[in-house]
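Participant: This is run_0.txt, which holds compact mmCIF, C-alpha atoms and all ligand atoms:
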# COMPACT_ATOMS: atom_id res chain seq x y z
CA MET A 1 16.68 -2.60 -33.45
CA LYS A 2 15.16 0.29 -35.45
CA ILE A 3 13.42 3.14 -33.68
CA MET A 4 11.68 6.09 -35.29
CA ALA A 5 11.81 9.58 -33.75
CA VAL A 6 8.94 11.81 -34.84
CA ASN A 7 8.32 15.54 -34.52
CA ALA A 8 4.88 16.51 -35.81
CA GLY A 9 3.91 20.14 -36.35
CA SER A 10 0.59 21.52 -37.57
CA SER A 11 1.55 21.18 -41.26
CA SER A 12 4.78 19.21 -41.08
CA LEU A 13 6.17 15.90 -39.92
CA LYS A 14 9.88 15.30 -39.36
CA PHE A 15 11.21 11.82 -38.79
CA GLN A 16 14.44 10.00 -38.24
CA LEU A 17 14.93 6.25 -38.22
CA LEU A 18 17.74 5.17 -35.93
CA GLU A 19 19.52 1.88 -35.32
CA MET A 20 19.59 1.41 -31.56
CA PRO A 21 21.50 1.17 -29.34
CA SER A 22 24.30 2.16 -31.76
CA GLU A 23 22.43 5.45 -32.46
CA GLU A 24 23.32 5.33 -36.15
CA VAL A 25 20.92 7.31 -38.37
CA ILE A 26 19.44 4.98 -41.01
CA THR A 27 17.36 7.60 -42.73
CA SER A 28 15.61 10.89 -42.09
CA GLY A 29 12.95 12.86 -43.84
CA LEU A 30 10.31 15.50 -43.77
CA VAL A 31 6.75 16.01 -44.95
CA GLU A 32 5.97 19.70 -45.43
CA ARG A 33 2.80 21.65 -46.27
CA ILE A 34 0.48 18.88 -45.08
CA GLY A 35 -3.07 19.90 -45.99
CA TYR A 36 -2.02 21.41 -49.33
CA TYR A 37 -2.13 20.11 -52.89
CA ASN A 38 1.59 20.80 -53.35
CA ALA A 39 2.91 19.11 -50.22
CA ASN A 40 6.49 17.85 -50.20
CA PHE A 41 7.71 14.50 -48.98
CA SER A 42 11.46 14.05 -48.78
CA ILE A 43 13.42 11.04 -47.58
CA LYS A 44 17.12 10.21 -47.64
CA VAL A 45 17.98 7.07 -49.59
CA ASN A 46 21.66 6.06 -49.42
CA GLY A 47 22.50 9.64 -48.44
CA GLU A 48 20.59 11.13 -51.42
CA LYS A 49 17.45 13.19 -50.85
CA VAL A 50 14.44 11.86 -52.78
CA VAL A 51 11.63 14.42 -53.04
CA VAL A 52 8.01 13.90 -54.09
CA THR A 53 5.56 16.80 -54.49
CA LYS A 54 1.90 15.84 -54.35
CA GLU A 55 -1.35 16.45 -52.53
CA ILE A 56 -1.11 15.30 -48.91
CA LEU A 57 -4.37 16.15 -47.22
CA ASP A 58 -3.67 15.15 -43.65
CA HIS A 59 -1.15 13.59 -41.26
CA LYS A 60 -2.63 10.13 -41.81
CA VAL A 61 -1.79 10.31 -45.51
CA ALA A 62 1.64 11.74 -44.63
CA VAL A 63 2.44 8.81 -42.33
CA GLU A 64 1.23 6.29 -44.93
CA LEU A 65 3.62 7.90 -47.43
CA VAL A 66 6.51 7.70 -44.97
CA VAL A 67 5.83 4.01 -44.31
CA GLU A 68 5.43 3.30 -48.03
CA GLY A 69 8.69 5.17 -48.73
CA LEU A 70 10.59 3.13 -46.16
CA LEU A 71 9.36 -0.13 -47.72
CA LYS A 72 9.71 0.98 -51.35
CA HIS A 73 13.33 2.09 -50.89
CA HIS A 74 14.12 -1.11 -48.92
CA ILE A 75 15.11 0.89 -45.85
CA ILE A 76 12.96 -1.63 -44.00
CA GLU A 77 11.75 -4.97 -45.35
CA SER A 78 8.64 -5.20 -43.18
CA LEU A 79 6.85 -3.02 -40.66
CA ASP A 80 8.01 -5.39 -37.93
CA ASP A 81 11.54 -4.01 -38.45
CA ILE A 82 10.44 -0.90 -36.55
CA LYS A 83 10.42 -1.75 -32.86
CA GLY A 84 9.14 1.55 -31.52
CA VAL A 85 8.15 5.10 -32.39
CA GLY A 86 9.00 8.04 -30.15
CA HIS A 87 6.94 11.21 -30.46
CA ARG A 88 8.09 14.63 -29.38
CA VAL A 89 5.32 16.28 -27.38
CA VAL A 90 5.83 19.89 -26.38
CA GLN A 91 3.76 20.21 -23.21
CA GLY A 92 3.48 17.43 -20.63
CA GLY A 93 2.29 19.73 -17.81
CA GLU A 94 2.58 18.29 -14.32
CA ILE A 95 0.97 15.04 -15.47
CA PHE A 96 4.03 13.62 -17.19
CA LYS A 97 7.12 13.37 -15.02
CA ASP A 98 8.62 10.83 -17.40
CA SER A 99 8.26 9.64 -20.97
CA VAL A 100 5.32 7.25 -21.33
CA ILE A 101 3.93 4.47 -23.52
CA ILE A 102 1.04 5.96 -25.47
CA THR A 103 -2.45 4.59 -24.78
CA ASP A 104 -5.90 6.10 -25.40
CA GLU A 105 -5.79 7.48 -21.86
CA VAL A 106 -2.39 9.11 -22.47
CA VAL A 107 -3.71 10.76 -25.64
CA ASP A 108 -6.64 12.16 -23.63
CA GLN A 109 -4.24 13.43 -20.97
CA ILE A 110 -2.07 15.15 -23.60
CA ARG A 111 -5.23 16.66 -25.07
CA SER A 112 -6.21 17.95 -21.62
CA LEU A 113 -3.04 20.11 -21.76
CA ASN A 114 -3.97 21.77 -25.07
CA ASP A 115 -4.82 25.06 -23.32
CA LEU A 116 -1.22 25.31 -22.11
CA ALA A 117 0.26 24.71 -25.57
CA PRO A 118 -2.44 25.54 -28.14
CA LEU A 119 0.09 25.90 -30.98
CA HIS A 120 1.89 22.63 -30.36
CA ASN A 121 0.06 19.86 -28.50
CA PRO A 122 -2.86 19.48 -30.94
CA ALA A 123 -0.34 19.04 -33.79
CA ASN A 124 1.66 16.52 -31.76
CA ILE A 125 -1.55 14.55 -31.10
CA THR A 126 -2.37 14.54 -34.81
CA GLY A 127 1.01 12.93 -35.49
CA ILE A 128 0.55 10.38 -32.72
CA GLU A 129 -2.89 9.36 -33.94
CA ALA A 130 -1.69 9.00 -37.52
CA PHE A 131 1.17 6.71 -36.46
CA ARG A 132 -1.06 4.67 -34.14
CA LYS A 133 -3.41 4.03 -37.08
CA ALA A 134 -0.63 3.20 -39.53
CA LEU A 135 1.43 1.06 -37.14
CA PRO A 136 -1.05 -0.26 -34.55
CA GLN A 137 1.13 -3.19 -33.51
CA ILE A 138 4.18 -1.04 -32.75
CA ILE A 139 4.85 0.52 -29.37
CA GLN A 140 4.62 4.32 -29.35
CA VAL A 141 6.20 6.50 -26.68
CA ALA A 142 5.59 10.18 -25.89
CA VAL A 143 8.70 12.16 -24.97
CA PHE A 144 7.92 15.59 -23.55
CA ASP A 145 9.88 18.85 -23.84
CA THR A 146 8.85 19.65 -20.29
CA THR A 147 9.67 16.42 -18.43
CA PHE A 148 13.35 17.16 -17.81
CA HIS A 149 12.35 20.35 -15.97
CA GLN A 150 9.85 18.61 -13.66
CA THR A 151 12.67 18.39 -11.08
CA MET A 152 12.59 22.16 -10.49
CA GLU A 153 11.70 23.21 -6.94
CA GLU A 154 8.61 25.29 -6.23
CA ASP A 155 10.63 28.47 -5.76
CA ALA A 156 12.00 28.10 -9.29
CA TYR A 157 8.81 27.17 -11.12
CA MET A 158 6.14 29.23 -9.37
CA TYR A 159 5.26 32.72 -10.53
CA ALA A 160 4.41 35.33 -7.89
CA THR A 161 0.87 35.57 -9.28
CA PRO A 162 -2.40 34.72 -7.45
CA TYR A 163 -1.99 31.15 -6.25
CA GLU A 164 -5.46 30.26 -7.55
CA TRP A 165 -4.20 30.76 -11.12
CA TYR A 166 -1.81 27.90 -10.51
CA VAL A 167 -4.44 25.71 -8.85
CA LYS A 168 -7.20 26.37 -11.39
CA TYR A 169 -5.27 26.77 -14.63
CA GLY A 170 -1.75 25.42 -14.08
CA VAL A 171 -0.09 28.84 -14.40
CA ARG A 172 3.60 28.18 -13.61
CA LYS A 173 6.91 27.78 -15.37
CA TYR A 174 7.24 24.49 -17.26
CA GLY A 175 10.30 25.09 -19.45
CA PHE A 176 11.00 23.56 -22.86
CA HIS A 177 13.84 22.06 -24.96
CA GLY A 178 14.00 19.38 -22.27
CA THR A 179 15.24 16.59 -24.56
CA SER A 180 18.07 18.83 -25.74
CA HIS A 181 19.02 20.02 -22.24
CA GLN A 182 18.98 16.41 -21.05
CA PHE A 183 21.04 15.08 -23.97
CA VAL A 184 23.65 17.82 -23.67
CA SER A 185 23.90 17.72 -19.88
CA GLU A 186 24.33 13.92 -19.88
CA ARG A 187 27.21 14.35 -22.33
CA ALA A 188 28.74 17.21 -20.31
CA ILE A 189 28.66 15.06 -17.18
CA GLN A 190 30.57 12.36 -19.10
CA LEU A 191 33.14 14.84 -20.42
CA LEU A 192 33.68 16.36 -16.99
CA ASP A 193 33.58 12.89 -15.41
CA ASN A 194 31.57 14.43 -12.60
CA PRO A 195 27.96 13.33 -11.97
CA LYS A 196 27.57 16.21 -9.50
CA ALA A 197 28.59 18.88 -12.01
CA LYS A 198 26.84 22.24 -11.91
CA LEU A 199 26.11 23.31 -15.47
CA VAL A 200 24.41 26.03 -17.46
CA ILE A 201 23.24 24.77 -20.83
CA CYS A 202 22.75 27.50 -23.45
CA HIS A 203 20.45 26.03 -26.13
CA LEU A 204 20.66 28.87 -28.66
CA GLY A 205 18.69 28.15 -31.82
CA ASN A 206 15.90 30.09 -33.44
CA GLY A 207 14.11 29.28 -30.20
CA ALA A 208 16.51 29.61 -27.27
CA SER A 209 16.55 28.66 -23.62
CA LEU A 210 19.01 28.26 -20.78
CA CYS A 211 18.93 25.53 -18.17
CA ALA A 212 20.68 25.23 -14.82
CA VAL A 213 21.58 21.59 -14.24
CA ASP A 214 22.81 20.44 -10.84
CA GLY A 215 23.80 16.80 -10.45
CA GLY A 216 22.08 15.85 -13.73
CA LYS A 217 18.78 17.51 -12.75
CA SER A 218 17.21 20.65 -14.14
CA VAL A 219 16.89 23.13 -11.24
CA ASP A 220 15.87 26.17 -13.29
CA THR A 221 15.26 27.13 -16.88
CA SER A 222 14.53 30.34 -18.75
CA MET A 223 11.37 29.44 -20.71
CA GLY A 224 8.12 29.52 -18.78
CA LEU A 225 4.45 28.71 -19.18
CA THR A 226 5.20 29.02 -22.90
CA PRO A 227 8.43 29.34 -24.90
CA LEU A 228 8.00 33.15 -24.93
CA GLU A 229 9.65 33.68 -21.55
CA GLY A 230 13.40 34.03 -21.06
CA ILE A 231 16.09 35.45 -23.31
CA PRO A 232 15.34 37.27 -26.60
CA MET A 233 15.35 34.81 -29.54
CA GLY A 234 15.12 34.90 -33.36
CA THR A 235 11.59 36.31 -33.31
CA ARG A 236 10.55 36.15 -29.61
CA SER A 237 10.98 39.00 -27.17
CA GLY A 238 11.78 36.93 -24.08
CA ASN A 239 10.93 38.65 -20.78
CA ILE A 240 9.14 41.97 -20.90
CA ASP A 241 6.87 43.88 -18.55
CA PRO A 242 3.39 42.43 -19.31
CA SER A 243 2.00 46.00 -19.23
CA VAL A 244 3.43 46.37 -22.76
CA LEU A 245 0.51 44.20 -23.92
CA MET A 246 -2.04 46.73 -22.67
CA LEU A 247 -0.17 49.76 -24.03
CA ILE A 248 0.34 48.37 -27.55
CA SER A 249 -3.16 46.94 -27.67
CA ASP A 250 -4.57 50.43 -26.86
CA LYS A 251 -2.24 52.41 -29.11
CA GLU A 252 -2.45 50.16 -32.16
CA ASP A 253 -6.01 48.97 -31.67
CA LYS A 254 -4.96 45.33 -31.56
CA THR A 255 -6.26 42.45 -29.50
CA PHE A 256 -4.04 40.90 -26.84
CA ALA A 257 -3.77 37.85 -29.10
CA GLN A 258 -2.40 40.01 -31.91
CA VAL A 259 0.14 41.72 -29.67
CA LEU A 260 1.18 38.35 -28.25
CA ASP A 261 1.65 37.09 -31.78
CA GLU A 262 4.04 40.00 -32.43
CA LEU A 263 5.94 39.20 -29.26
CA ASN A 264 6.30 35.63 -30.55
CA LYS A 265 6.90 36.26 -34.25
CA LYS A 266 8.07 39.84 -34.79
CA SER A 267 10.35 40.54 -31.86
CA GLY A 268 13.80 39.34 -30.77
CA TYR A 269 16.57 39.64 -33.39
CA LEU A 270 13.98 40.40 -36.08
CA GLY A 271 12.09 43.06 -34.14
CA VAL A 272 15.09 44.95 -32.78
CA SER A 273 17.23 44.80 -35.92
CA GLY A 274 14.43 45.13 -38.48
CA ILE A 275 16.65 42.90 -40.62
CA SER A 276 16.33 39.20 -39.89
CA ASN A 277 15.70 36.48 -37.33
CA ASP A 278 18.88 34.68 -38.41
CA SER A 279 22.01 35.21 -36.34
CA ARG A 280 24.19 35.03 -39.49
CA ASP A 281 22.50 38.17 -40.87
CA ILE A 282 22.65 39.90 -37.50
CA ILE A 283 26.37 39.21 -37.08
CA ARG A 284 27.16 40.27 -40.66
CA GLU A 285 25.22 43.53 -40.36
CA MET A 286 26.66 44.21 -36.91
CA GLU A 287 30.14 43.87 -38.39
CA ASN A 288 29.07 46.29 -41.16
CA GLY A 289 28.33 48.84 -38.43
CA ASN A 290 24.53 48.55 -38.28
CA HIS A 291 23.49 49.89 -34.88
CA ARG A 292 20.20 48.00 -34.56
CA ALA A 293 21.78 44.69 -35.55
CA LYS A 294 24.42 45.25 -32.87
CA LEU A 295 21.73 46.16 -30.36
CA ALA A 296 19.75 42.97 -31.13
CA HIS A 297 22.92 41.01 -30.43
CA THR A 298 24.02 42.89 -27.30
CA ILE A 299 20.57 42.77 -25.67
CA GLN A 300 20.62 38.99 -26.08
CA ILE A 301 24.17 38.67 -24.74
CA LYS A 302 23.31 40.75 -21.67
CA ARG A 303 20.22 38.66 -20.93
CA ILE A 304 22.13 35.40 -21.33
CA ALA A 305 24.80 36.72 -18.94
CA ASP A 306 22.07 37.76 -16.47
CA TYR A 307 20.73 34.20 -16.41
CA ILE A 308 24.17 32.61 -16.10
CA GLY A 309 24.93 34.92 -13.15
CA SER A 310 21.66 34.12 -11.44
CA TYR A 311 22.09 30.35 -11.98
CA TYR A 312 25.64 30.56 -10.58
CA VAL A 313 24.22 32.09 -7.42
CA TYR A 314 21.22 29.73 -7.27
CA MET A 315 23.37 26.60 -7.64
CA GLY A 316 26.15 27.98 -5.41
CA GLY A 317 28.80 27.52 -8.10
CA LEU A 318 29.34 26.53 -11.69
CA ASP A 319 31.58 23.94 -13.34
CA ALA A 320 30.79 24.46 -17.01
CA ILE A 321 28.81 26.49 -19.51
CA ILE A 322 27.68 24.50 -22.54
CA PHE A 323 26.71 25.90 -25.95
CA THR A 324 24.40 23.98 -28.24
CA ALA A 325 21.86 24.26 -31.14
CA GLY A 326 22.17 26.31 -34.36
CA ILE A 327 23.70 29.46 -32.87
CA GLY A 328 25.40 27.84 -29.88
CA GLU A 329 27.18 25.34 -32.14
CA ASN A 330 27.96 27.64 -35.08
CA ALA A 331 28.33 31.27 -33.99
CA PRO A 332 31.77 31.89 -32.38
CA GLU A 333 30.93 35.59 -31.94
CA VAL A 334 27.93 34.80 -29.75
CA ARG A 335 29.92 32.33 -27.61
CA ALA A 336 32.85 34.73 -27.25
CA HIS A 337 30.64 37.64 -26.21
CA VAL A 338 28.65 35.54 -23.72
CA LEU A 339 31.85 34.22 -22.12
CA ASP A 340 33.33 37.71 -22.02
CA ALA A 341 30.16 39.00 -20.33
CA VAL A 342 30.57 36.45 -17.51
CA LYS A 343 34.36 36.59 -17.16
CA VAL A 344 33.96 37.83 -13.58
CA LEU A 345 33.05 34.19 -12.75
CA GLY A 346 36.59 33.16 -13.73
CA VAL A 347 35.86 32.14 -17.33
CA GLU A 348 38.80 32.42 -19.71
CA ILE A 349 38.00 31.73 -23.33
CA ASP A 350 40.48 30.08 -25.71
CA HIS A 351 39.85 32.11 -28.87
CA GLU A 352 41.49 29.60 -31.19
CA GLU A 353 39.43 26.69 -29.86
CA ASN A 354 36.29 28.84 -29.99
CA LYS A 355 36.67 29.22 -33.76
CA LYS A 356 36.47 25.45 -34.29
CA ARG A 357 33.31 23.36 -34.68
CA GLY A 358 32.12 20.17 -33.07
CA GLU A 359 32.23 18.87 -29.52
CA HIS A 360 35.18 20.34 -27.61
CA LEU A 361 36.43 22.53 -24.78
CA ILE A 362 36.68 26.25 -25.65
CA THR A 363 38.24 27.63 -22.45
CA THR A 364 41.90 27.74 -21.37
CA LYS A 365 43.53 25.46 -18.82
CA ASN A 366 43.41 28.28 -16.26
CA SER A 367 39.70 28.91 -16.62
CA LYS A 368 37.88 28.31 -13.31
CA VAL A 369 34.63 27.64 -15.16
CA LYS A 370 34.95 25.50 -18.28
CA ALA A 371 32.98 26.03 -21.48
CA TYR A 372 32.20 23.46 -24.17
CA ILE A 373 30.42 23.20 -27.47
CA ILE A 374 28.28 20.06 -27.40
CA PRO A 375 26.09 19.48 -30.48
CA THR A 376 22.58 18.54 -29.45
CA ASN A 377 20.64 15.58 -30.81
CA GLU A 378 16.99 15.54 -29.85
CA GLU A 379 16.19 12.57 -32.12
CA VAL A 380 18.77 10.36 -30.41
CA MET A 381 17.42 11.41 -27.02
CA ILE A 382 13.89 10.46 -28.12
CA ALA A 383 15.10 7.08 -29.42
CA ARG A 384 16.99 6.46 -26.14
CA GLU A 385 13.81 7.22 -24.24
CA VAL A 386 11.81 4.74 -26.34
CA LEU A 387 14.41 2.08 -25.60
CA ARG A 388 14.44 2.86 -21.87
CA ILE A 389 10.65 3.02 -21.51
CA GLU A 390 10.06 -0.08 -23.62
CA LYS A 391 12.35 -2.06 -21.33
CA LEU A 392 10.58 -0.96 -18.14
P1 LIG A 401 15.42 25.74 -34.25
O1 LIG A 401 15.55 24.24 -34.08
O2 LIG A 401 15.00 26.47 -33.01
O3 LIG A 401 14.68 26.18 -35.48
P2 LIG A 401 18.28 25.66 -34.78
O4 LIG A 401 18.88 25.07 -33.57
O5 LIG A 401 18.26 24.87 -36.05
O6 LIG A 401 16.87 26.31 -34.48
O7 LIG A 401 19.06 27.03 -35.07
C1 LIG A 401 18.73 27.82 -36.17
C2 LIG A 401 19.51 29.12 -36.07
O8 LIG A 401 20.91 28.84 -35.96
C3 LIG A 401 19.38 29.94 -37.34
O9 LIG A 401 18.27 30.79 -37.26
C4 LIG A 401 20.66 30.73 -37.33
O10 LIG A 401 20.41 31.93 -36.64
C5 LIG A 401 21.62 29.92 -36.52
N1 LIG A 401 22.75 29.39 -37.32
C6 LIG A 401 22.78 28.29 -38.07
N2 LIG A 401 23.98 28.16 -38.68
C7 LIG A 401 24.72 29.21 -38.28
C8 LIG A 401 26.05 29.66 -38.56
N3 LIG A 401 26.87 28.99 -39.36
N4 LIG A 401 26.47 30.81 -37.96
C9 LIG A 401 25.66 31.49 -37.16
N5 LIG A 401 24.40 31.12 -36.86
C10 LIG A 401 23.95 30.00 -37.41
Do you think you could lay out the structure here as structure tokens?

Facilitator:
Amino acid sequence: MKIMAVNAGSSSLKFQLLEMPSEEVITSGLVERIGYYNANFSIKVNGEKVVVTKEILDHKVAVELVVEGLLKHHIIESLDDIKGVGHRVVQGGEIFKDSVIITDEVVDQIRSLNDLAPLHNPANITGIEAFRKALPQIIQVAVFDTTFHQTMEEDAYMYATPYEWYVKYGVRKYGFHGTSHQFVSERAIQLLDNPKAKLVICHLGNGASLCAVDGGKSVDTSMGLTPLEGIPMGTRSGNIDPSVLMLISDKEDKTFAQVLDELNKKSGYLGVSGISNDSRDIIREMENGNHRAKLAHTIQIKRIADYIGSYYVYMGGLDAIIFTAGIGENAPEVRAHVLDAVKVLGVEIDHEENKKRGEHLITTKNSKVKAYIIPTNEEVMIAREVLRIEKL
């Protein structure tokens, strides 16, 4: 059975068509610059990328193009070949404790969370509505970035701010990258053959978050009300004293929204190094002796180690640290320095294994805490969720 996994942004739409339950990728593609006259639609046909540049005014037109492309290239013979569509939705708030079949009411509920994720949820809804129009007879499922973290206890998700802020406006930690943390932790549990395993998942991509997983459940995570909280990332600052907002707003005559935008888009690797948001550039320049590139790297390593230490204490132990996403899967320097920073926990890295790619163990036999690389796959997780929810 074919299932489509969709990730809609404000001007983009990524999709993957998967054969389930074998999880084989049939095709994938991307529509970029939606709303512009020179939008791009690309789709893989027999492994080759076919690209069309044309005016694509909105998501509805983008979805029609995707469907047309699938039929035209004989990837599907009829729309009935697609049994379900899974949509990534960033913020599910406290409403969605599980993935859900999309109805009009569900769309309204997702919309009611727009204040919590103004950059993401409206775009996700646009994608959902376009697919519901184009494929009305096909079941659509919303899979939320936040759902996996809904198992956190109050002491982990509440901020020590006025309680009314939580009651009136939902101010609390929600956490993100849930589909990735879930996918990777399920795999780690299989590899360790221990359903009770205590894990720290390090999802290190351009956006980055850590998750403490105890017995398959998220018990804490580093991102918060928004993805800005936690460790420094490609362009995000991670945790800072909120008073910085006031100071910079006064000194540079900027609104809070402008300063917040700089904390989201001009901080992290990019802000500290002044060079790039890409870890490849940071590592190269660090090795060339650039102080600020090294600082951008070492601040991040320290913060990651801080979280791992605190999760070790919170869970009362740790079986494995898992690295995933662009940096976690591909940057041996970052993994080596993180593991070195937490060696007091009894972690002993195997430097030879750490240089290799793909899913495998990167610690020695003597290591008390294991470490693995496990490539993430959010699309497969979304497709699995569609299958599970559809069967309910
Ligand atoms: P996101 O989904 O958050 O955009 P990804 O998980 O795709 O991010 O990760 C992207 C990041 O991964 C890039 O910004 C880059 O820093 C890092 N990356 C990708 N490939 C490599 C590599 N070979 N070595 C080091 N870092 C890499």

Participant: Skipping near chain neighbours, those fewer than 2 positions away, what residues fall within 7 Å of segment 86-100 of chain A using all atoms listed in the file, listed as a list in words?

Facilitator: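 Within the cut-off, the hits are Met4, Ala5, Val6, Asn7, Gly84, Ile102, Ile110, Leu113, Ala117, His120, Asn121, Asn124, Ile128, Gln140, Val141, Ala142, Val143, Phe144, Asp145, Thr146, Thr147, Gln150, Tyr174, Ile382, Ala383, Glu385, Val386 and Ile389 of chain A.
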
Participant: Using all atoms listed in the file, what table do you get, as JSON lines, when you list each residue of chain A with an atom no more than 10 Å from ligand LIG 401 (chain A), its nearest pair of atoms, and their distance in Å rounded to one decimal, rows by chain then rising number?

Facilitator:
{"residue": "A:His177", "atom": "CA", "partner": "A:LIG401", "partner_atom": "O2", "distance": 9.3}
{"residue": "A:His203", "atom": "CA", "partner": "A:LIG401", "partner_atom": "O4", "distance": 7.7}
{"residue": "A:Leu204", "atom": "CA", "partner": "A:LIG401", "partner_atom": "O4", "distance": 6.5}
{"residue": "A:Gly205", "atom": "CA", "partner": "A:LIG401", "partner_atom": "O7", "distance": 3.5}
{"residue": "A:Asn206", "atom": "CA", "partner": "A:LIG401", "partner_atom": "O2", "distance": 3.8}
{"residue": "A:Gly207", "atom": "CA", "partner": "A:LIG401", "partner_atom": "O2", "distance": 4.1}
{"residue": "A:Ala208", "atom": "CA", "partner": "A:LIG401", "partner_atom": "O2", "distance": 6.7}
{"residue": "A:Ser209", "atom": "CA", "partner": "A:LIG401", "partner_atom": "O2", "distance": 9.8}
{"residue": "A:Met233", "atom": "CA", "partner": "A:LIG401", "partner_atom": "O2", "distance": 9.0}
{"residue": "A:Gly234", "atom": "CA", "partner": "A:LIG401", "partner_atom": "O9", "distance": 6.5}
{"residue": "A:Thr235", "atom": "CA", "partner": "A:LIG401", "partner_atom": "O9", "distance": 9.5}
{"residue": "A:Tyr269", "atom": "CA", "partner": "A:LIG401", "partner_atom": "O10", "distance": 9.2}
{"residue": "A:Ser276", "atom": "CA", "partner": "A:LIG401", "partner_atom": "O10", "distance": 8.9}
{"residue": "A:Asn277", "atom": "CA", "partner": "A:LIG401", "partner_atom": "O9", "distance": 6.2}
{"residue": "A:Asp278", "atom": "CA", "partner": "A:LIG401", "partner_atom": "O10", "distance": 3.6}
{"residue": "A:Ser279", "atom": "CA", "partner": "A:LIG401", "partner_atom": "O10", "distance": 3.7}
{"residue": "A:Arg280", "atom": "CA", "partner": "A:LIG401", "partner_atom": "C9", "distance": 4.5}
{"residue": "A:Asp281", "atom": "CA", "partner": "A:LIG401", "partner_atom": "O10", "distance": 7.8}
{"residue": "A:Ile282", "atom": "CA", "partner": "A:LIG401", "partner_atom": "O10", "distance": 8.3}
{"residue": "A:Ile283", "atom": "CA", "partner": "A:LIG401", "partner_atom": "C9", "distance": 7.8}
{"residue": "A:Arg284", "atom": "CA", "partner": "A:LIG401", "partner_atom": "C9", "distance": 9.6}
{"residue": "A:Thr324", "atom": "CA", "partner": "A:LIG401", "partner_atom": "O4", "distance": 7.8}
{"residue": "A:Ala325", "atom": "CA", "partner": "A:LIG401", "partner_atom": "O4", "distance": 3.9}
{"residue": "A:Gly326", "atom": "CA", "partner": "A:LIG401", "partner_atom": "O8", "distance": 3.2}
{"residue": "A:Ile327", "atom": "CA", "partner": "A:LIG401", "partner_atom": "O8", "distance": 4.2}
{"residue": "A:Gly328", "atom": "CA", "partner": "A:LIG401", "partner_atom": "O8", "distance": 7.6}
{"residue": "A:Glu329", "atom": "CA", "partner": "A:LIG401", "partner_atom": "C7", "distance": 7.7}
{"residue": "A:Asn330", "atom": "CA", "partner": "A:LIG401", "partner_atom": "C8", "distance": 4.5}
{"residue": "A:Ala331", "atom": "CA", "partner": "A:LIG401", "partner_atom": "C9", "distance": 4.2}
{"residue": "A:Pro332", "atom": "CA", "partner": "A:LIG401", "partner_atom": "C9", "distance": 7.8}
{"residue": "A:Glu333", "atom": "CA", "partner": "A:LIG401", "partner_atom": "C9", "distance": 8.5}
{"residue": "A:Val334", "atom": "CA", "partner": "A:LIG401", "partner_atom": "C9", "distance": 8.4}
{"residue": "A:Arg357", "atom": "CA", "partner": "A:LIG401", "partner_atom": "N3", "distance": 9.8}
{"residue": "A:Pro375", "atom": "CA", "partner": "A:LIG401", "partner_atom": "O4", "distance": 9.6}
{"residue": "A:Thr376", "atom": "CA", "partner": "A:LIG401", "partner_atom": "O4", "distance": 8.6}
{"residue": "A:Glu378", "atom": "CA", "partner": "A:LIG401", "partner_atom": "O1", "distance": 9.8}

Participant: Can you work out the spacing between atom CA of Ala371 of chain A and atom CA of Gly268 of chain A in Å, to one decimal?

Facilitator: 25.1 Å

Participant: Which residue gives the smallest distance to Arg388 of chain A among A:Ile231, A:Ile248, A:Val63, A:Ile101, with all atoms listed in the file counted?

Facilitator: A:Ile101

Participant: Is there a way to get, as a tab-separated table (two decimals) with C-alpha atoms, in the frame of the given file, all residues within 12 Å of the point (7.1, 24.3, -37.3) in file coordinates, counting all atoms listed in the file?

Facilitator:
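Listed below is the output, part08.tsv:
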chain	number	residue	atom	x	y	z
A	7	ASN	CA	8.32	15.54	-34.52
A	8	ALA	CA	4.88	16.51	-35.81
A	9	GLY	CA	3.91	20.14	-36.35
A	10	SER	CA	0.59	21.52	-37.57
A	11	SER	CA	1.55	21.18	-41.26
A	12	SER	CA	4.78	19.21	-41.08
A	13	LEU	CA	6.17	15.90	-39.92
A	14	LYS	CA	9.88	15.30	-39.36
A	30	LEU	CA	10.31	15.50	-43.77
A	31	VAL	CA	6.75	16.01	-44.95
A	32	GLU	CA	5.97	19.70	-45.43
A	33	ARG	CA	2.80	21.65	-46.27
A	34	ILE	CA	0.48	18.88	-45.08
A	90	VAL	CA	5.83	19.89	-26.38
A	119	LEU	CA	0.09	25.90	-30.98
A	120	HIS	CA	1.89	22.63	-30.36
A	123	ALA	CA	-0.34	19.04	-33.79
A	124	ASN	CA	1.66	16.52	-31.76
A	206	ASN	CA	15.90	30.09	-33.44
A	207	GLY	CA	14.11	29.28	-30.20

Participant: Using atom CA of Pro227 of chain A and atom CA of Asp253 of chain A as the two end points, give the distance in Å to one decimal.

Facilitator: 25.3 Å

Participant: Can segment 31-35 of chain A be brought up to N, CA and C atoms and written out as a PDB file, keeping the file's coordinate frame?

Facilitator:
ATOM      1  N   VAL A  31       7.910  15.703 -44.121  1.00  0.00           N
ATOM      2  CA  VAL A  31       6.750  16.010 -44.950  1.00  0.00           C
ATOM      3  C   VAL A  31       6.352  17.445 -44.616  1.00  0.00           C
ATOM      4  N   GLU A  32       6.284  18.276 -45.640  1.00  0.00           N
ATOM      5  CA  GLU A  32       5.970  19.700 -45.430  1.00  0.00           C
ATOM      6  C   GLU A  32       4.675  20.068 -46.148  1.00  0.00           C
ATOM      7  N   ARG A  33       4.039  21.131 -45.666  1.00  0.00           N
ATOM      8  CA  ARG A  33       2.800  21.650 -46.270  1.00  0.00           C
ATOM      9  C   ARG A  33       1.695  20.594 -46.292  1.00  0.00           C
ATOM     10  N   ILE A  34       1.583  19.848 -45.187  1.00  0.00           N
ATOM     11  CA  ILE A  34       0.480  18.880 -45.080  1.00  0.00           C
ATOM     12  C   ILE A  34      -0.828  19.671 -45.099  1.00  0.00           C
ATOM     13  N   GLY A  35      -1.803  19.191 -45.872  1.00  0.00           N
ATOM     14  CA  GLY A  35      -3.070  19.900 -45.990  1.00  0.00           C
ATOM     15  C   GLY A  35      -3.161  20.661 -47.307  1.00  0.00           C
TER      16      GLY A  35
END
